[in-house]
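> mmCIF, C-alpha atoms and all ligand atoms, saved as final-v9.cif, coming up:
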data_data
loop_
_atom_site.label_atom_id
_atom_site.label_comp_id
_atom_site.auth_asym_id
_atom_site.auth_seq_id
_atom_site.Cartn_x
_atom_site.Cartn_y
_atom_site.Cartn_z
CA MET A 1 -1.45 27.68 -15.44
CA SER A 2 -4.64 27.69 -13.42
CA LEU A 3 -7.56 28.57 -15.64
CA THR A 4 -11.17 28.09 -14.57
CA LEU A 5 -14.03 28.67 -16.99
CA TYR A 6 -17.47 29.38 -15.56
CA ALA A 7 -19.82 28.10 -18.20
CA HIS A 8 -22.68 25.86 -19.20
CA PRO A 9 -22.44 23.37 -22.09
CA PHE A 10 -25.72 24.51 -23.64
CA ALA A 11 -24.96 28.25 -23.57
CA ALA A 12 -24.12 29.73 -26.96
CA TYR A 13 -21.61 32.35 -25.79
CA CYS A 14 -19.79 29.70 -23.74
CA TRP A 15 -19.28 27.70 -26.94
CA LYS A 16 -17.28 30.57 -28.40
CA VAL A 17 -14.67 30.22 -25.67
CA LEU A 18 -14.85 26.42 -25.41
CA ILE A 19 -14.16 26.10 -29.15
CA ALA A 20 -11.07 28.32 -28.78
CA LEU A 21 -9.88 26.28 -25.78
CA TYR A 22 -10.42 22.97 -27.60
CA GLU A 23 -8.74 24.24 -30.78
CA ASN A 24 -5.56 24.79 -28.81
CA ALA A 25 -5.96 21.93 -26.32
CA THR A 26 -5.60 24.54 -23.56
CA PRO A 27 -6.00 22.91 -20.12
CA PHE A 28 -8.67 24.44 -17.87
CA ASN A 29 -11.06 23.59 -15.06
CA TYR A 30 -14.73 23.59 -16.04
CA ARG A 31 -16.91 25.29 -13.41
CA LEU A 32 -20.39 24.23 -14.45
CA VAL A 33 -22.89 26.96 -13.54
CA GLU A 34 -26.32 25.42 -13.11
CA ASP A 35 -27.35 25.49 -9.46
CA GLU A 36 -27.91 28.33 -7.01
CA ALA A 37 -24.38 28.08 -5.60
CA GLY A 38 -22.89 28.29 -9.09
CA TRP A 39 -24.95 31.38 -9.98
CA ALA A 40 -24.07 33.03 -6.67
CA GLU A 41 -20.38 32.39 -7.26
CA LEU A 42 -20.66 33.81 -10.79
CA GLU A 43 -22.44 36.91 -9.49
CA SER A 44 -19.81 37.43 -6.81
CA LEU A 45 -17.23 37.68 -9.59
CA TRP A 46 -19.30 39.62 -12.15
CA THR A 47 -22.40 41.51 -11.07
CA ILE A 48 -23.83 41.30 -14.60
CA LYS A 49 -24.12 37.54 -13.89
CA LYS A 50 -23.47 36.31 -17.41
CA PHE A 51 -21.15 33.59 -18.57
CA PRO A 52 -18.62 32.67 -19.91
CA LEU A 53 -16.29 34.02 -17.25
CA LEU A 54 -12.63 33.07 -17.00
CA ARG A 55 -10.52 33.07 -13.85
CA ASP A 56 -6.79 33.07 -14.33
CA GLY A 57 -5.39 32.83 -10.84
CA GLU A 58 -6.88 35.93 -9.15
CA ALA A 59 -7.74 37.68 -12.42
CA THR A 60 -11.29 37.69 -13.79
CA ILE A 61 -11.90 38.04 -17.52
CA VAL A 62 -15.40 38.42 -18.96
CA GLU A 63 -17.03 38.80 -22.39
CA SER A 64 -16.54 35.85 -24.72
CA SER A 65 -14.55 37.67 -27.43
CA ILE A 66 -12.25 39.26 -24.85
CA ILE A 67 -11.67 35.87 -23.22
CA VAL A 68 -10.73 34.33 -26.58
CA GLU A 69 -8.26 37.15 -27.22
CA TYR A 70 -6.90 36.92 -23.66
CA LEU A 71 -6.26 33.19 -24.13
CA MET A 72 -4.56 33.83 -27.46
CA ARG A 73 -2.23 36.42 -25.91
CA ARG A 74 -1.48 34.70 -22.59
CA TYR A 75 -1.70 31.04 -23.56
CA PRO A 76 -0.99 30.90 -27.30
CA GLY A 77 -1.44 27.61 -29.10
CA PRO A 78 -1.10 26.40 -32.68
CA GLN A 79 -4.43 27.95 -33.78
CA ARG A 80 -4.16 31.73 -33.65
CA MET A 81 -7.65 33.21 -33.25
CA ILE A 82 -6.91 36.76 -34.46
CA PRO A 83 -4.41 37.23 -37.28
CA THR A 84 -1.30 39.34 -36.78
CA ASP A 85 -1.92 41.35 -39.94
CA ASP A 86 -4.01 44.46 -39.08
CA ASP A 87 -6.47 44.30 -41.97
CA SER A 88 -7.16 40.59 -41.47
CA ALA A 89 -7.54 41.16 -37.72
CA LEU A 90 -10.14 43.88 -38.34
CA LYS A 91 -12.05 41.55 -40.64
CA VAL A 92 -12.10 38.81 -37.98
CA ARG A 93 -13.25 41.27 -35.31
CA PHE A 94 -15.92 42.64 -37.64
CA MET A 95 -17.28 39.16 -38.36
CA ASP A 96 -17.27 38.40 -34.62
CA ARG A 97 -19.39 41.54 -34.04
CA LEU A 98 -21.65 40.63 -36.95
CA PHE A 99 -22.41 37.18 -35.54
CA ASP A 100 -22.93 38.49 -31.99
CA ASN A 101 -25.06 41.51 -32.91
CA TYR A 102 -27.05 40.31 -35.89
CA VAL A 103 -27.32 36.53 -35.43
CA MET A 104 -26.83 35.73 -31.74
CA THR A 105 -28.87 38.70 -30.44
CA PRO A 106 -31.99 38.14 -32.58
CA MET A 107 -31.68 34.36 -32.02
CA GLN A 108 -31.66 34.95 -28.24
CA ALA A 109 -34.65 37.33 -28.60
CA LEU A 110 -36.65 34.52 -30.27
CA VAL A 111 -35.62 32.01 -27.59
CA SER A 112 -36.41 34.44 -24.74
CA ASP A 113 -39.80 35.24 -26.20
CA ARG A 114 -40.72 31.55 -26.14
CA MET A 115 -39.80 31.36 -22.46
CA ARG A 116 -42.33 34.08 -21.59
CA THR A 117 -45.94 33.54 -20.68
CA GLN A 118 -48.43 34.20 -23.48
CA ASP A 119 -49.31 37.69 -22.20
CA GLU A 120 -45.65 38.70 -21.88
CA ARG A 121 -44.84 37.82 -25.50
CA ASP A 122 -43.75 40.53 -27.89
CA ALA A 123 -44.98 39.90 -31.44
CA LYS A 124 -43.30 43.02 -32.83
CA GLY A 125 -39.98 42.11 -31.18
CA VAL A 126 -40.21 38.61 -32.68
CA ALA A 127 -40.99 39.95 -36.17
CA ASP A 128 -38.09 42.42 -35.91
CA ALA A 129 -35.70 39.68 -34.78
CA ARG A 130 -36.73 37.50 -37.74
CA LYS A 131 -36.12 40.42 -40.11
CA VAL A 132 -32.62 40.94 -38.70
CA LEU A 133 -31.86 37.22 -39.09
CA ASP A 134 -33.04 37.23 -42.70
CA ALA A 135 -30.89 40.28 -43.44
CA ALA A 136 -27.87 38.66 -41.75
CA TYR A 137 -28.37 35.35 -43.62
CA GLY A 138 -28.70 37.30 -46.88
CA TRP A 139 -25.49 39.22 -46.24
CA LEU A 140 -23.64 36.08 -45.21
CA GLU A 141 -24.83 34.19 -48.29
CA ARG A 142 -22.62 36.42 -50.46
CA GLN A 143 -19.81 36.51 -47.93
CA VAL A 144 -19.23 32.79 -47.38
CA THR A 145 -19.60 31.74 -51.03
CA GLN A 146 -15.93 31.91 -51.89
CA GLN A 147 -14.26 31.13 -48.59
CA GLU A 148 -13.92 28.16 -46.31
CA TRP A 149 -14.16 29.99 -42.99
CA ALA A 150 -16.11 32.99 -41.73
CA ALA A 151 -13.36 35.56 -42.27
CA GLY A 152 -11.34 33.92 -45.02
CA SER A 153 -9.17 30.86 -45.49
CA THR A 154 -8.16 30.47 -41.82
CA PHE A 155 -10.26 29.33 -38.88
CA SER A 156 -10.49 32.18 -36.35
CA LEU A 157 -12.45 33.93 -33.60
CA ALA A 158 -15.08 34.65 -36.29
CA ASP A 159 -15.78 30.92 -36.60
CA CYS A 160 -15.88 30.48 -32.81
CA SER A 161 -18.72 33.06 -32.87
CA ALA A 162 -20.38 31.79 -36.02
CA ALA A 163 -20.72 28.18 -34.88
CA PRO A 164 -23.06 28.67 -31.89
CA ALA A 165 -24.84 31.62 -33.52
CA LEU A 166 -25.78 29.72 -36.70
CA PHE A 167 -26.31 26.44 -34.84
CA TYR A 168 -29.09 27.86 -32.68
CA ALA A 169 -30.36 30.50 -35.14
CA ASP A 170 -31.17 27.74 -37.62
CA TRP A 171 -33.27 26.05 -34.95
CA VAL A 172 -35.44 29.11 -34.28
CA HIS A 173 -35.41 30.71 -37.75
CA PRO A 174 -34.42 28.05 -40.31
CA ILE A 175 -31.84 29.04 -42.89
CA GLY A 176 -33.61 26.61 -45.25
CA ASP A 177 -33.05 26.49 -48.99
CA ARG A 178 -33.02 30.26 -49.32
CA PHE A 179 -29.40 30.58 -48.27
CA PRO A 180 -27.57 27.43 -49.45
CA GLU A 181 -24.09 28.88 -48.93
CA VAL A 182 -24.87 29.78 -45.31
CA LEU A 183 -26.21 26.28 -44.79
CA ALA A 184 -23.06 24.81 -46.38
CA TYR A 185 -20.84 26.98 -44.15
CA ARG A 186 -22.88 25.92 -41.10
CA ARG A 187 -22.28 22.25 -42.04
CA ARG A 188 -18.54 22.96 -42.52
CA VAL A 189 -18.09 24.66 -39.19
CA LEU A 190 -20.14 22.00 -37.35
CA ALA A 191 -17.84 19.33 -38.78
CA ARG A 192 -14.78 20.95 -37.20
CA PRO A 193 -13.68 18.63 -34.31
CA SER A 194 -13.67 21.42 -31.67
CA VAL A 195 -17.23 22.34 -32.70
CA THR A 196 -18.44 18.73 -32.88
CA ARG A 197 -17.18 18.41 -29.32
CA VAL A 198 -19.22 21.35 -27.98
CA VAL A 199 -22.31 20.16 -29.87
CA ASP A 200 -21.91 16.69 -28.33
CA GLU A 201 -21.31 18.04 -24.82
CA ALA A 202 -24.56 20.03 -25.12
CA ARG A 203 -26.70 17.08 -26.27
CA PRO A 204 -27.84 16.04 -22.77
CA TYR A 205 -29.28 19.54 -22.27
CA ARG A 206 -31.38 19.76 -25.42
CA LYS A 207 -34.54 19.23 -23.43
CA LEU A 208 -33.94 22.74 -22.01
CA PHE A 209 -34.50 24.33 -25.42
CA PRO A 210 -37.89 26.07 -25.19
CA GLN A 211 -38.84 25.63 -28.86
CA GLY A 212 -38.00 21.92 -28.74
CA ALA A 213 -34.65 20.91 -30.23
CA PRO A 214 -34.76 19.40 -33.71
CA ASP A 215 -33.00 16.04 -34.14
CA ARG A 216 -31.18 16.95 -37.34
CA ASP A 217 -27.88 18.20 -35.83
N1 LIG A 301 -21.75 39.62 -24.37
C1 LIG A 301 -21.65 38.46 -23.52
C2 LIG A 301 -22.96 37.68 -23.57
C3 LIG A 301 -23.00 36.58 -22.55
C4 LIG A 301 -24.37 35.92 -22.45
O1 LIG A 301 -25.39 36.46 -22.90
N2 LIG A 301 -24.37 34.74 -21.84
C5 LIG A 301 -25.61 34.03 -21.62
C6 LIG A 301 -25.41 32.56 -21.99
S1 LIG A 301 -25.21 32.31 -23.70
C7 LIG A 301 -25.96 34.06 -20.16
O2 LIG A 301 -25.11 34.27 -19.32
N3 LIG A 301 -27.20 33.82 -19.85
C8 LIG A 301 -27.64 33.69 -18.50
C9 LIG A 301 -28.56 34.79 -18.07
O3 LIG A 301 -28.71 35.78 -18.81
O4 LIG A 301 -29.13 34.63 -16.99
C10 LIG A 301 -20.45 37.62 -23.98
O5 LIG A 301 -20.03 37.73 -25.13
O6 LIG A 301 -19.90 36.88 -23.16
#
For the file at hand, write its structure as structure tokens.


Amino acid sequence: MSLTLYAHPFAAYCWKVLIALYENATPFNYRLVEDEAGWAELESLWTIKKFPLLRDGEATIVESSIIVEYLMRRYPGPQRMIPTDDDSALKVRFMDRLFDNYVMTPMQALVSDRMRTQDERDAKGVADARKVLDAAYGWLERQVTQQEWAAGSTFSLADCSAAPALFYADWVHPIGDRFPEVLAYRRRVLARPSVTRVVDEARPYRKLFPQGAPDRD
């Protein structure tokens, strides 16, 4: 096996794949993308120039959810990330989409807005992103009340997505006391060893967070 992951320890979508790799103790080479040469290499493999990106020999696999599924199919380990049963698999995929589209996307919009100059800022975009996050937290509050993990009783791809999404979303748009079950789930998923590991690996980079990283996690 010769797997190389192009990634950065502070990047939310990279966590999704790193958590899956750590869950299964899958060996891989970490290609840290942070300097010009790293970005150029990434762009030469994927013109969209986003990570995570996986190289498996000569094959290139992009998009975090696809990479997690690729790893599950080609390099299976003890922790299956998408269940074999069709209905459960659809639920996991749905939750993965929910976290990407309605937590990660508005969270990134809030972060990006803070990185702009004052005159480039988009107050309406920020207000809309906050509304989406509130709606997602509200929906999740009912969803995670009765279950340990994001899509049921088994840790899955949905939790690999949820962990970075809720980790950073809570920094830019606090979950607070309004959604205690979401907060409790966030604590649960952050206590998972694979997730603790990605959180710890990202600690040295917290100074990069434009809003200022809170100390609480
Ligand atoms: N849909 C993509 C999103 C990837 C993405 O947005 N990655 C961010 C890091 S979390 C990135 O590459 N940012 C660098 C940039 O946009 O320049 C996935 O699931 O992999």

> May I ask you to write as an mmCIF file with C-alpha atoms, in the coordinates of the input all residues lying at most 8 Å from ligand LIG 301 (chain A), with only C-alpha atoms and all ligand atoms counted?


data_model
loop_
_atom_site.group_PDB
_atom_site.id
_atom_site.type_symbol
_atom_site.label_atom_id
_atom_site.label_comp_id
_atom_site.auth_asym_id
_atom_site.auth_seq_id
_atom_site.Cartn_x
_atom_site.Cartn_y
_atom_site.Cartn_z
ATOM 1 C CA HIS A 8 -22.680 25.860 -19.200
ATOM 2 C CA PHE A 10 -25.720 24.510 -23.640
ATOM 3 C CA ALA A 11 -24.960 28.250 -23.570
ATOM 4 C CA ALA A 12 -24.120 29.730 -26.960
ATOM 5 C CA TYR A 13 -21.610 32.350 -25.790
ATOM 6 C CA CYS A 14 -19.790 29.700 -23.740
ATOM 7 C CA LYS A 49 -24.120 37.540 -13.890
ATOM 8 C CA LYS A 50 -23.470 36.310 -17.410
ATOM 9 C CA PHE A 51 -21.150 33.590 -18.570
ATOM 10 C CA PRO A 52 -18.620 32.670 -19.910
ATOM 11 C CA LEU A 53 -16.290 34.020 -17.250
ATOM 12 C CA VAL A 62 -15.400 38.420 -18.960
ATOM 13 C CA GLU A 63 -17.030 38.800 -22.390
ATOM 14 C CA SER A 64 -16.540 35.850 -24.720
ATOM 15 C CA SER A 65 -14.550 37.670 -27.430
ATOM 16 C CA ILE A 66 -12.250 39.260 -24.850
ATOM 17 C CA ASP A 100 -22.930 38.490 -31.990
#

> With distances taken over only C-alpha atoms, which of A:Asp122, A:Ala151, A:Thr4, A:Glu41 is nearest to Asp87 in chain A?

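Of A:Asp122, A:Ala151, A:Thr4, A:Glu41, the one nearest Asp87 in chain A, counting only C-alpha atoms, is A:Ala151.
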
> Please indicate the distance in Å from CA of Pro78 in chain A to CA of Gln146 in chain A, rounded to one decimal place.

24.9 Å

> Please list as a PyMOL selection string every residue within 10 Å of Gly125 in chain A, counting only C-alpha atoms and excluding residues in the same chain fewer than 2 positions away.

chain A and resi 106+109-110+113+121-123+127-131

> Can you pull out every residue within 12 Å of Thr84 in chain A, counting all atoms listed in the file, but drop anything in the same chain fewer than 6 positions away, and send it as an mmCIF file with C-alpha atoms, keeping the file's coordinate frame?


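Below is the file that was written, result.cif:
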data_model
loop_
_atom_site.group_PDB
_atom_site.id
_atom_site.type_symbol
_atom_site.label_atom_id
_atom_site.label_comp_id
_atom_site.auth_asym_id
_atom_site.auth_seq_id
_atom_site.Cartn_x
_atom_site.Cartn_y
_atom_site.Cartn_z
ATOM 1 C CA MET A 72 -4.560 33.830 -27.460
ATOM 2 C CA ARG A 73 -2.230 36.420 -25.910
ATOM 3 C CA LEU A 90 -10.140 43.880 -38.340
ATOM 4 C CA LYS A 91 -12.050 41.550 -40.640
ATOM 5 C CA VAL A 92 -12.100 38.810 -37.980
ATOM 6 C CA SER A 156 -10.490 32.180 -36.350
#

> Let me make sure I understand: among A:Lys16, A:Arg142, A:Arg116, A:Arg93, which one has the smallest atom-to-atom distance to Tyr185 in chain A if we use all atoms listed in the file?

A:Arg142

> Can you tell me how far CA of Gln143 in chain A sits from CA of His173 in chain A, in Å to one decimal?

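Rounded to one decimal, the two atoms are 19.5 Å apart.
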
> Would you mind telling me which residue in A:Trp39, A:Phe99, A:Tyr22, A:Tyr70 lies nearest to Phe167 in chain A when using all atoms listed in the file?

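Ranked by minimum distance to Phe167 in chain A, first place goes to A:Phe99.
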
> Have a look at CA of Asn29 in chain A and CA of Ser2 in chain A and let me know their distance in Å, one decimal.

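A separation of 7.8 Å between them.
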
> Compare A:Met95, A:Ala7, A:Val68, A:Ile175 by their minimum atom-to-atom distance to Gly38 in chain A, counting all atoms listed in the file, and give me the closest one.

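With all atoms listed in the file as the atom set, the closest residue is A:Ala7.
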
> At a cut-off of 12 Å, using all atoms listed in the file, what residues contact Gly212 in chain A? Leave out same-chain residues fewer than 3 positions from it and give the result as a list of chain:residue names.

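Once the adjacent positions are removed, what remains is A:Val111, A:Arg114, A:Met115, A:Tyr168, A:Trp171, A:Val172, A:Tyr205, A:Arg206, A:Lys207, A:Leu208, A:Phe209, A:Asp215.
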
> Those same residues - C-alpha atoms - I'd like them written as a PDB file, keeping the file's coordinate frame.


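Result saved to again_29.pdb:
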ATOM      1  CA  VAL A 111     -35.620  32.010 -27.590  1.00  0.00           C
ATOM      2  CA  ARG A 114     -40.720  31.550 -26.140  1.00  0.00           C
ATOM      3  CA  MET A 115     -39.800  31.360 -22.460  1.00  0.00           C
ATOM      4  CA  TYR A 168     -29.090  27.860 -32.680  1.00  0.00           C
ATOM      5  CA  TRP A 171     -33.270  26.050 -34.950  1.00  0.00           C
ATOM      6  CA  VAL A 172     -35.440  29.110 -34.280  1.00  0.00           C
ATOM      7  CA  TYR A 205     -29.280  19.540 -22.270  1.00  0.00           C
ATOM      8  CA  ARG A 206     -31.380  19.760 -25.420  1.00  0.00           C
ATOM      9  CA  LYS A 207     -34.540  19.230 -23.430  1.00  0.00           C
ATOM     10  CA  LEU A 208     -33.940  22.740 -22.010  1.00  0.00           C
ATOM     11  CA  PHE A 209     -34.500  24.330 -25.420  1.00  0.00           C
ATOM     12  CA  ASP A 215     -33.000  16.040 -34.140  1.00  0.00           C
TER      13      ASP A 215
END

> Counting only C-alpha atoms, figure out which residue out of A:Asp35, A:Ala25, A:Glu58, A:Arg80 gets nearest to Ala158 in chain A.

A:Arg80

> Compute the distance from (-27.5, 24.8, -41.5) to each atom, counting all atoms listed in the file, keep the residues with any atom at most 7 Å away, and return them as a list in words; use the coordinates of the file.

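It turns out the residues near that spot are Phe167, Asp170, Ile175, Val182, Leu183, Ala184, Arg186 and Arg187 of chain A.
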
> Taking all atoms listed in the file into account, which of A:Ile61, A:Ile48, A:Cys160, A:Leu190 comes nearest Leu18 in chain A?

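Smallest distance to Leu18 in chain A is found for A:Cys160.
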
> Residues at most 12 Å from Thr196 in chain A, counting only C-alpha atoms, excluding those fewer than 4 positions away in the same chain, as a list in words?

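Those residues are Trp15, Leu18, Ile19, Tyr22, Glu23, Ala163, Pro164, Phe167, Arg186, Arg187, Arg188, Val189, Leu190, Ala191, Arg192, Asp200, Glu201, Ala202, Arg203 and Asp217 of chain A.
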